[in-house]
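Peer 1: Here you go, one structure.
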Amino acid sequence: MTTTPVTPRLKLLDQLREQIRYRHYSLRTEEAYVYWVRAYVRWAGMKHPKSLGGRDVEAFLAHLASERQLSASTHRQALSALLFLYKEVIGVDLPWMKEIGRPVRKTRLPAVFSVDEVQRLLSFIDGETGLLARMLYGTGMRLCEGLRLRVKDVDLEKRLIYVRGGKGDKDRVVMLPRSLEVALKEQLARAHQQWKADQAQGCSGVELPHALERKYPRAGASWAWFWVFPANGLSTDPRSGVIRRHHLHERRMQRDMKSAIEKADIAKSASVHTLRHSFATHVLQSGVDLRTVQSLLGHTDVSTTMIYTHVLAQHSASTVSPLDRLLMPV
C-alpha cells in the first residue's frame with residue numbers, strides 16, 4: 001500500500017495536520033482529528049502512538065463510551081481520527097485496524113417544522129440571519145453552504161444558486177426563491193459596500209478553496225469571490241495566519257435561531273438544520289418526486305432522501321387508532 005510521505009522533523013500533530021491538508025479535508029475535520037489524537041495521547045500517558053496498538057485504541061474508545069458517555073456518532077469520529085493517524089501518518093495498516101468494531105448507526109427520524117411553525121419562527125428572526133434562515137428553508141441548503149455563498153454563485157437573472165463544494169465536495173444547483181429576490185439584492189448591495197471598504201483599506205481579500213489562491217493570486221480580492229454574508233470584522237485565518245474577512249460565523253446564526261424557536265414557542269428539539277429537514281418534507285408534500293428532492297439536497301444515495309418519506313407518512317398518517325374506533329358513533 002502506498003501512503004503519502006510525512007515530514008519526519010515535524011511533531012506528531014503537525015504531521016497529522018500536514019496529511020489532512022494534503023487531502024484537502026475541511027478545517028472542521030482537521031480540528032476534530034487533532035482533538036481526538038491529542039486526547040488519545042494524553043489518555044495513554046503521553047506515549048507515542050507507535051508504541052500503542054489495537055488493544056489500546058479499543059480501551060480508549062471504551063473509555064469514551066463508558067466514562068465520557070459519548071454518542072455513537074462522536075464515537076465513530078474518534079475512531080476515524082485514530083485510524084487516519086495510524087494509516088496515513090504513522091504508515092501502518094495492520095489487521096487489528098479492520099477488526100475494531102464501529103458503533104451501529106441508528107436511523108432516527110429528523111425533527112420537522114410544520115408550515116405554521118415555520119411562519120411563526122421566521123417572524124421572530126430578521127436582518128442577515130433572517131434572510132439566511134429563509135434561504136435555508138427555501139432552498140434546502142446546509143448552514144455551512146449558505147454561509148459560504150460567493151457573489152458569483154448567485155444568479156438573480158435565472159433565479160439559481162450554485163452550491164459549491166457541498167458535503168462530499170460536490171457541486172449542485174438549487175432554486176432561488178422569487179420572494180427573496182429583493183432582500184437578496186439589498187444584502188448584496190451591503191456586501192458590496194463592505195468589499196469596497198476592504199479594498200480601500202488594502203485587505204488581503206477572502207479565502208479561496210484549495211489551490212486556487214496560488215493559481216489566481218488576485219482572485220480573492222475580486223468582487224465575484226466575495227462573501228454574500230460577510231462577517232462584520234476581520235479575523236485571522238487559522239491555517240495561513242493571514243488577516244482577512246471571513247463569512248458570517250455559524251454561531252451567530254445558531255444563536256438567533258435558538259432565540260427565534262423559543263419566542264415562537266416551538267416545543268421541538270430543533271436547530272438550524274431543521275430548516276433543511278422541513279424543506280425536504282414540505283417539497284415532498286407538494287408533490288415533487290423523490291429523485292428531484294435528492295438532487296436538490298445533494299444526496300449521493302436516494303435511500304438517504306427516503307427518510308423524509310417516513311417523516312411525511314408520520315405527518316399525514318390516515319390510519320385510525322383502535323381507541324378512536326371505540327369512541328366513534330355507531
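Following the order of the C-alpha cells, chains are lettered A, B, ..., residues in each are numbered from 1, and ligands are numbered from 1.
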Would you mind listing, for every residue of region 88-151 of chain A within 12 Å of region 201-214 of chain A, the two atoms forming the shortest contact and the distance between them in Å to one decimal, using only C-alpha atoms, sorted by chain and ascending residue number, as JSON lines?

Peer 2:
```
{"residue": "A:Arg148", "atom": "CA", "partner": "A:Glu207", "partner_atom": "CA", "distance": 10.3}
{"residue": "A:Leu149", "atom": "CA", "partner": "A:Leu208", "partner_atom": "CA", "distance": 11.9}
{"residue": "A:Arg150", "atom": "CA", "partner": "A:Val206", "partner_atom": "CA", "distance": 10.1}
{"residue": "A:Val151", "atom": "CA", "partner": "A:Val206", "partner_atom": "CA", "distance": 11.9}
```

Peer 1: Keeping only all heavy atoms, write those residues as a tab-separated table (two decimals), in the first residue's frame.

Peer 2:
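Saved file out-v1.tsv follows:
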```tsv
chain	number	residue	atom	x	y	z
A	148	ARG	N	-21.18	30.06	3.11
A	148	ARG	CA	-20.03	30.13	2.19
A	148	ARG	C	-20.41	30.61	0.79
A	148	ARG	O	-19.58	30.56	-0.12
A	148	ARG	CB	-19.38	28.75	2.09
A	148	ARG	CG	-18.73	28.29	3.38
A	148	ARG	CD	-18.27	26.86	3.26
A	148	ARG	NE	-17.78	26.34	4.54
A	148	ARG	CZ	-17.60	25.05	4.80
A	148	ARG	NH1	-17.88	24.15	3.87
A	148	ARG	NH2	-17.17	24.65	5.97
A	149	LEU	N	-21.64	31.07	0.60
A	149	LEU	CA	-22.04	31.55	-0.72
A	149	LEU	C	-21.16	32.71	-1.17
A	149	LEU	O	-20.91	33.64	-0.41
A	149	LEU	CB	-23.49	32.00	-0.70
A	149	LEU	CG	-24.58	30.94	-0.90
A	149	LEU	CD1	-25.95	31.60	-0.88
A	149	LEU	CD2	-24.39	30.18	-2.20
A	150	ARG	N	-20.70	32.65	-2.42
A	150	ARG	CA	-19.95	33.74	-3.02
A	150	ARG	C	-20.87	34.52	-3.96
A	150	ARG	O	-21.87	33.98	-4.46
A	150	ARG	CB	-18.79	33.19	-3.84
A	150	ARG	CG	-17.96	32.11	-3.13
A	150	ARG	CD	-16.89	32.68	-2.25
A	150	ARG	NE	-16.06	31.62	-1.69
A	150	ARG	CZ	-14.84	31.80	-1.18
A	150	ARG	NH1	-14.30	33.01	-1.18
A	150	ARG	NH2	-14.16	30.81	-0.66
A	151	VAL	N	-20.54	35.75	-4.22
A	151	VAL	CA	-21.36	36.59	-5.10
A	151	VAL	C	-21.55	35.94	-6.46
A	151	VAL	O	-22.65	35.95	-7.03
A	151	VAL	CB	-20.70	37.98	-5.26
A	151	VAL	CG1	-21.43	38.81	-6.30
A	151	VAL	CG2	-20.66	38.71	-3.92
```

Peer 1: I'd like to know which residues of region 79-246 of chain A are helix (DSSP H, G or I) (by DSSP, run on the backbone); could you write them as JSON, numbers by chain?

Peer 2: {"A": [79, 80, 81, 82, 83, 84, 85, 86, 87, 88, 89, 90, 95, 96, 97, 98, 99, 115, 116, 117, 118, 119, 120, 121, 122, 127, 128, 129, 130, 131, 132, 133, 134, 135, 136, 137, 138, 139, 143, 144, 145, 146, 147, 151, 152, 153, 178, 179, 180, 181, 182, 183, 184, 185, 186, 187, 188, 189, 190, 191, 192, 193, 194, 195, 196, 197, 198, 199, 200, 212, 213, 214, 215, 219, 220, 221]}

Peer 1: Using only C-alpha atoms, which of A:Arg251, A:Thr29, A:Val115, A:Asp171 sits nearest Ser286 (chain A)?

Peer 2: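 Closest to Ser286 (chain A) of all the choices is A:Val115.
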
Peer 1: For Asp198 (chain A), work out the shell of residues within 12 Å, counting only C-alpha atoms and skipping chain neighbours fewer than 3 positions away, then give it as JSON, numbers by chain.

Peer 2: {"A": [191, 192, 193, 194, 195, 201, 202, 203, 204, 205, 206, 220, 221, 222, 223, 226, 230, 231, 232, 233, 234, 243, 244, 245, 246]}

Peer 1: Provide the CA of Asp289 (chain A) to CA of Val302 (chain A) distance in Å, to one decimal place.

Peer 2: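 One can read the CA of Asp289 (chain A) to CA of Val302 (chain A) distance as 11.4 Å.
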
Peer 1: Find, counting only C-alpha atoms, the residue in A:Ser295, A:Gln77, A:Gln285, A:Ser278 that gets nearest to Leu109 (chain A).

Peer 2: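 For Leu109 (chain A), the nearest of the given residues is A:Ser278.
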
Peer 1: Nearest residue to Ser80 (chain A) out of A:Arg255, A:Arg239, A:Lys98, A:Lys196, using only C-alpha atoms?

Peer 2: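 Ranked by minimum distance to Ser80 (chain A), first place goes to A:Lys98.
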
Peer 1: Mind checking which residues fall within 12 Å of Lys152 (chain A), counting only C-alpha atoms, ignoring those fewer than 4 positions away in the same chain, and posting them as a tab-separated table (two decimals) with all heavy atoms, in the first residue's frame?

Peer 2:
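Final output, saved to part_31.tsv:
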```tsv
chain	number	residue	atom	x	y	z
A	148	ARG	N	-21.18	30.06	3.11
A	148	ARG	CA	-20.03	30.13	2.19
A	148	ARG	C	-20.41	30.61	0.79
A	148	ARG	O	-19.58	30.56	-0.12
A	148	ARG	CB	-19.38	28.75	2.09
A	148	ARG	CG	-18.73	28.29	3.38
A	148	ARG	CD	-18.27	26.86	3.26
A	148	ARG	NE	-17.78	26.34	4.54
A	148	ARG	CZ	-17.60	25.05	4.80
A	148	ARG	NH1	-17.88	24.15	3.87
A	148	ARG	NH2	-17.17	24.65	5.97
A	156	LEU	N	-29.22	35.98	-10.15
A	156	LEU	CA	-30.52	36.60	-9.94
A	156	LEU	C	-31.38	36.54	-11.21
A	156	LEU	O	-32.60	36.43	-11.12
A	156	LEU	CB	-30.34	38.05	-9.49
A	156	LEU	CG	-29.81	38.25	-8.07
A	156	LEU	CD1	-29.37	39.69	-7.87
A	156	LEU	CD2	-30.86	37.86	-7.04
A	160	LEU	N	-31.19	31.18	-9.76
A	160	LEU	CA	-30.49	29.94	-9.38
A	160	LEU	C	-29.38	30.26	-8.40
A	160	LEU	O	-28.79	31.34	-8.42
A	160	LEU	CB	-29.89	29.25	-10.61
A	160	LEU	CG	-30.86	28.71	-11.67
A	160	LEU	CD1	-30.09	28.20	-12.87
A	160	LEU	CD2	-31.75	27.62	-11.08
A	161	ILE	N	-29.09	29.29	-7.54
A	161	ILE	CA	-27.95	29.38	-6.63
A	161	ILE	C	-27.07	28.17	-6.88
A	161	ILE	O	-27.56	27.03	-6.90
A	161	ILE	CB	-28.40	29.41	-5.16
A	161	ILE	CG1	-29.16	30.70	-4.86
A	161	ILE	CG2	-27.20	29.28	-4.22
A	161	ILE	CD1	-29.74	30.75	-3.46
A	162	TYR	N	-25.78	28.42	-7.11
A	162	TYR	CA	-24.82	27.33	-7.34
A	162	TYR	C	-24.12	27.02	-6.02
A	162	TYR	O	-23.38	27.86	-5.49
A	162	TYR	CB	-23.82	27.73	-8.42
A	162	TYR	CG	-24.47	27.98	-9.76
A	162	TYR	CD1	-24.95	29.26	-10.09
A	162	TYR	CD2	-24.63	26.96	-10.68
A	162	TYR	CE1	-25.56	29.50	-11.32
A	162	TYR	CE2	-25.25	27.19	-11.91
A	162	TYR	CZ	-25.71	28.46	-12.21
A	162	TYR	OH	-26.33	28.68	-13.42
A	163	VAL	N	-24.37	25.84	-5.49
A	163	VAL	CA	-23.76	25.41	-4.23
A	163	VAL	C	-22.44	24.73	-4.57
A	163	VAL	O	-22.42	23.67	-5.20
A	163	VAL	CB	-24.68	24.45	-3.46
A	163	VAL	CG1	-24.03	24.03	-2.14
A	163	VAL	CG2	-26.04	25.10	-3.21
A	164	ARG	N	-21.34	25.35	-4.16
A	164	ARG	CA	-20.00	24.83	-4.49
A	164	ARG	C	-19.40	24.09	-3.30
A	164	ARG	O	-19.45	24.56	-2.16
A	164	ARG	CB	-19.07	25.98	-4.87
A	164	ARG	CG	-19.63	26.95	-5.91
A	164	ARG	CD	-19.68	26.34	-7.29
A	164	ARG	NE	-20.07	27.33	-8.30
A	164	ARG	CZ	-20.23	27.04	-9.58
A	164	ARG	NH1	-20.03	25.81	-10.02
A	164	ARG	NH2	-20.59	27.99	-10.44
A	188	LEU	N	-26.71	41.95	-1.11
A	188	LEU	CA	-25.56	42.06	-2.00
A	188	LEU	C	-25.05	43.50	-2.07
A	188	LEU	O	-23.84	43.73	-2.16
A	188	LEU	CB	-25.93	41.56	-3.40
A	188	LEU	CG	-26.09	40.04	-3.54
A	188	LEU	CD1	-26.68	39.69	-4.90
A	188	LEU	CD2	-24.76	39.33	-3.34
A	219	ALA	N	-7.55	36.73	-7.32
A	219	ALA	CA	-8.99	36.43	-7.35
A	219	ALA	C	-9.65	36.66	-6.00
A	219	ALA	O	-10.82	37.08	-5.93
A	219	ALA	CB	-9.21	34.99	-7.80
A	222	SER	N	-11.28	39.97	-5.55
A	222	SER	CA	-12.29	40.39	-6.52
A	222	SER	C	-13.69	40.34	-5.91
A	222	SER	O	-13.96	39.60	-4.96
A	222	SER	CB	-12.24	39.47	-7.74
A	222	SER	OG	-12.68	38.16	-7.42
A	223	TRP	N	-14.60	41.13	-6.48
A	223	TRP	CA	-15.98	41.17	-6.02
A	223	TRP	C	-16.67	39.83	-6.25
A	223	TRP	O	-17.47	39.39	-5.43
A	223	TRP	CB	-16.72	42.30	-6.73
A	223	TRP	CG	-18.22	42.26	-6.62
A	223	TRP	CD1	-19.12	42.21	-7.63
A	223	TRP	CD2	-19.00	42.29	-5.40
A	223	TRP	NE1	-20.40	42.19	-7.15
A	223	TRP	CE2	-20.36	42.24	-5.77
A	223	TRP	CE3	-18.67	42.34	-4.04
A	223	TRP	CZ2	-21.41	42.23	-4.85
A	223	TRP	CZ3	-19.71	42.35	-3.11
A	223	TRP	CH2	-21.05	42.30	-3.51
A	224	ALA	N	-16.36	39.15	-7.34
A	224	ALA	CA	-17.03	37.89	-7.67
A	224	ALA	C	-16.84	36.84	-6.58
A	224	ALA	O	-17.75	36.05	-6.31
A	224	ALA	CB	-16.51	37.36	-9.01
A	225	TRP	N	-15.66	36.84	-5.94
A	225	TRP	CA	-15.38	35.82	-4.92
A	225	TRP	C	-15.75	36.26	-3.51
A	225	TRP	O	-15.58	35.51	-2.56
A	225	TRP	CB	-13.89	35.44	-4.97
A	225	TRP	CG	-13.57	34.49	-6.07
A	225	TRP	CD1	-13.13	34.80	-7.32
A	225	TRP	CD2	-13.67	33.06	-6.02
A	225	TRP	NE1	-12.95	33.65	-8.06
A	225	TRP	CE2	-13.28	32.57	-7.28
A	225	TRP	CE3	-14.06	32.16	-5.03
A	225	TRP	CZ2	-13.25	31.21	-7.59
A	225	TRP	CZ3	-14.04	30.79	-5.33
A	225	TRP	CH2	-13.64	30.34	-6.60
A	226	PHE	N	-16.26	37.47	-3.36
A	226	PHE	CA	-16.59	37.98	-2.03
A	226	PHE	C	-17.79	37.22	-1.47
A	226	PHE	O	-18.61	36.66	-2.20
A	226	PHE	CB	-16.90	39.47	-2.08
A	226	PHE	CG	-16.79	40.17	-0.76
A	226	PHE	CD1	-15.57	40.28	-0.12
A	226	PHE	CD2	-17.91	40.73	-0.15
A	226	PHE	CE1	-15.46	40.94	1.10
A	226	PHE	CE2	-17.81	41.38	1.07
A	226	PHE	CZ	-16.58	41.49	1.70
A	227	TRP	N	-17.90	37.23	-0.13
A	227	TRP	CA	-18.99	36.51	0.54
A	227	TRP	C	-20.32	37.25	0.37
A	227	TRP	O	-20.36	38.47	0.43
A	227	TRP	CB	-18.72	36.38	2.04
A	227	TRP	CG	-17.39	35.81	2.41
A	227	TRP	CD1	-16.34	36.46	2.98
A	227	TRP	CD2	-16.96	34.46	2.23
A	227	TRP	NE1	-15.28	35.62	3.18
A	227	TRP	CE2	-15.63	34.37	2.73
A	227	TRP	CE3	-17.55	33.31	1.69
A	227	TRP	CZ2	-14.90	33.19	2.71
A	227	TRP	CZ3	-16.83	32.13	1.68
A	227	TRP	CH2	-15.52	32.07	2.18
A	228	VAL	N	-21.40	36.51	0.20
A	228	VAL	CA	-22.74	37.11	0.21
A	228	VAL	C	-23.08	37.55	1.63
A	228	VAL	O	-23.72	38.58	1.85
A	228	VAL	CB	-23.79	36.10	-0.31
A	228	VAL	CG1	-25.21	36.67	-0.15
A	228	VAL	CG2	-23.52	35.75	-1.76
```

Peer 1: Using only C-alpha atoms, which residues sit within 10 Å of Pro49 (chain A) once same-chain residues fewer than 2 positions away are excluded, as a list in words?

Peer 2: Leu12, Val37, Tyr40, Val41, Ala44, Met46, Lys47, Ser51, Leu52, Gly53, Asp56, Val57, Leu82, Leu85, Tyr86 and Ile90 of chain A

Peer 1: For region 174-198 of chain A versus region 131-136 of chain A, which residues have an atom no more than 12 Å away, and what is each residue's nearest atom pair and distance in Å rounded to one decimal, using only C-alpha atoms, chain-then-number order, as JSON lines?

Peer 2:
```
{"residue": "A:Val174", "atom": "CA", "partner": "A:Met135", "partner_atom": "CA", "distance": 10.5}
{"residue": "A:Met175", "atom": "CA", "partner": "A:Met135", "partner_atom": "CA", "distance": 9.8}
{"residue": "A:Leu176", "atom": "CA", "partner": "A:Met135", "partner_atom": "CA", "distance": 7.9}
{"residue": "A:Pro177", "atom": "CA", "partner": "A:Met135", "partner_atom": "CA", "distance": 7.6}
{"residue": "A:Arg178", "atom": "CA", "partner": "A:Met135", "partner_atom": "CA", "distance": 10.7}
{"residue": "A:Ser179", "atom": "CA", "partner": "A:Arg134", "partner_atom": "CA", "distance": 9.6}
{"residue": "A:Leu180", "atom": "CA", "partner": "A:Met135", "partner_atom": "CA", "distance": 7.7}
{"residue": "A:Glu181", "atom": "CA", "partner": "A:Met135", "partner_atom": "CA", "distance": 10.5}
{"residue": "A:Val182", "atom": "CA", "partner": "A:Leu131", "partner_atom": "CA", "distance": 10.6}
{"residue": "A:Ala183", "atom": "CA", "partner": "A:Leu131", "partner_atom": "CA", "distance": 7.2}
{"residue": "A:Leu184", "atom": "CA", "partner": "A:Leu131", "partner_atom": "CA", "distance": 7.6}
{"residue": "A:Lys185", "atom": "CA", "partner": "A:Leu131", "partner_atom": "CA", "distance": 11.1}
{"residue": "A:Glu186", "atom": "CA", "partner": "A:Leu131", "partner_atom": "CA", "distance": 10.4}
{"residue": "A:Gln187", "atom": "CA", "partner": "A:Leu131", "partner_atom": "CA", "distance": 8.6}
{"residue": "A:Leu188", "atom": "CA", "partner": "A:Leu131", "partner_atom": "CA", "distance": 11.6}
```

Peer 1: Kindly export the residues of the current selection with N, CA and C atoms, as a compact mmCIF listing (two decimals), in the first residue's frame.

Peer 2:
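Result went into selection.txt, see below:
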```txt
# COMPACT_ATOMS: atom_id res chain seq x y z
N VAL A 174 -29.53 24.84 -6.91
CA VAL A 174 -30.84 24.90 -6.26
C VAL A 174 -31.57 26.16 -6.73
N MET A 175 -32.87 26.17 -6.52
CA MET A 175 -33.65 27.34 -6.94
C MET A 175 -33.44 28.51 -6.00
N LEU A 176 -33.56 29.73 -6.54
CA LEU A 176 -33.54 30.93 -5.72
C LEU A 176 -34.99 31.37 -5.56
N PRO A 177 -35.55 31.31 -4.36
CA PRO A 177 -36.95 31.67 -4.17
C PRO A 177 -37.25 33.09 -4.67
N ARG A 178 -38.29 33.21 -5.47
CA ARG A 178 -38.66 34.51 -6.04
C ARG A 178 -38.92 35.54 -4.94
N SER A 179 -39.48 35.09 -3.81
CA SER A 179 -39.84 36.01 -2.73
C SER A 179 -38.62 36.61 -2.03
N LEU A 180 -37.42 36.08 -2.31
CA LEU A 180 -36.21 36.58 -1.65
C LEU A 180 -35.37 37.49 -2.55
N GLU A 181 -35.81 37.71 -3.77
CA GLU A 181 -35.01 38.48 -4.72
C GLU A 181 -34.67 39.88 -4.21
N VAL A 182 -35.67 40.60 -3.72
CA VAL A 182 -35.44 41.98 -3.26
C VAL A 182 -34.50 42.00 -2.07
N ALA A 183 -34.77 41.14 -1.08
CA ALA A 183 -33.93 41.10 0.12
C ALA A 183 -32.50 40.68 -0.22
N LEU A 184 -32.35 39.78 -1.17
CA LEU A 184 -31.02 39.32 -1.54
C LEU A 184 -30.25 40.41 -2.29
N LYS A 185 -30.94 41.18 -3.12
CA LYS A 185 -30.29 42.30 -3.80
C LYS A 185 -29.81 43.33 -2.78
N GLU A 186 -30.62 43.57 -1.76
CA GLU A 186 -30.21 44.52 -0.72
C GLU A 186 -29.01 43.99 0.06
N GLN A 187 -28.99 42.69 0.33
CA GLN A 187 -27.86 42.09 1.03
C GLN A 187 -26.59 42.17 0.19
N LEU A 188 -26.71 41.95 -1.11
CA LEU A 188 -25.56 42.06 -2.00
C LEU A 188 -25.05 43.50 -2.07
```

Peer 1: Closest to Asp14 (chain A) among A:Gln69, A:Gln254, A:Ser26, A:Val89, using only C-alpha atoms?

Peer 2: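 Closest candidate: A:Val89.
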
Peer 1: Using DSSP secondary structure from the backbone, list all strand (DSSP E) positions within region 61-284 of chain A, as a list in words.

Peer 2: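 Everything in region 61-284 of chain A that counts as strand (DSSP E) is Val154, Asp155, Leu160, Ile161, Tyr162, Val163, Arg172, Val173, Val174, Met175, Pro230, Ala231, Asn232, Gly233, Leu234, Ser235, Thr236, Ile243, Arg244, Arg245, His246 and His247 of chain A.
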
Peer 1: Which of these residues is nearest to Tyr308 (chain A), using only C-alpha atoms: A:Lys258, A:Arg325, A:Arg276, A:Arg190?

Peer 2: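 Distance minimum relative to Tyr308 (chain A) lands on A:Arg276.
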
Peer 1: In Å, rounded to a single decimal, give me how far CA of Gly166 (chain A) is from CA of Ala270 (chain A).

Peer 2: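 CA of Gly166 (chain A) lies at a distance of 22.1 Å from CA of Ala270 (chain A).
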
Peer 1: In Å to one decimal, how far is CA of Arg252 (chain A) from CA of Val34 (chain A)?

Peer 2: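 Rounded to one decimal, the two atoms are 24.9 Å apart.
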
Peer 1: Using only C-alpha atoms, which of A:Glu67, A:Pro110, A:Lys87, A:Lys11 sits nearest Ser269 (chain A)?

Peer 2: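 That would be A:Pro110, the residue with the smallest distance to Ser269 (chain A).
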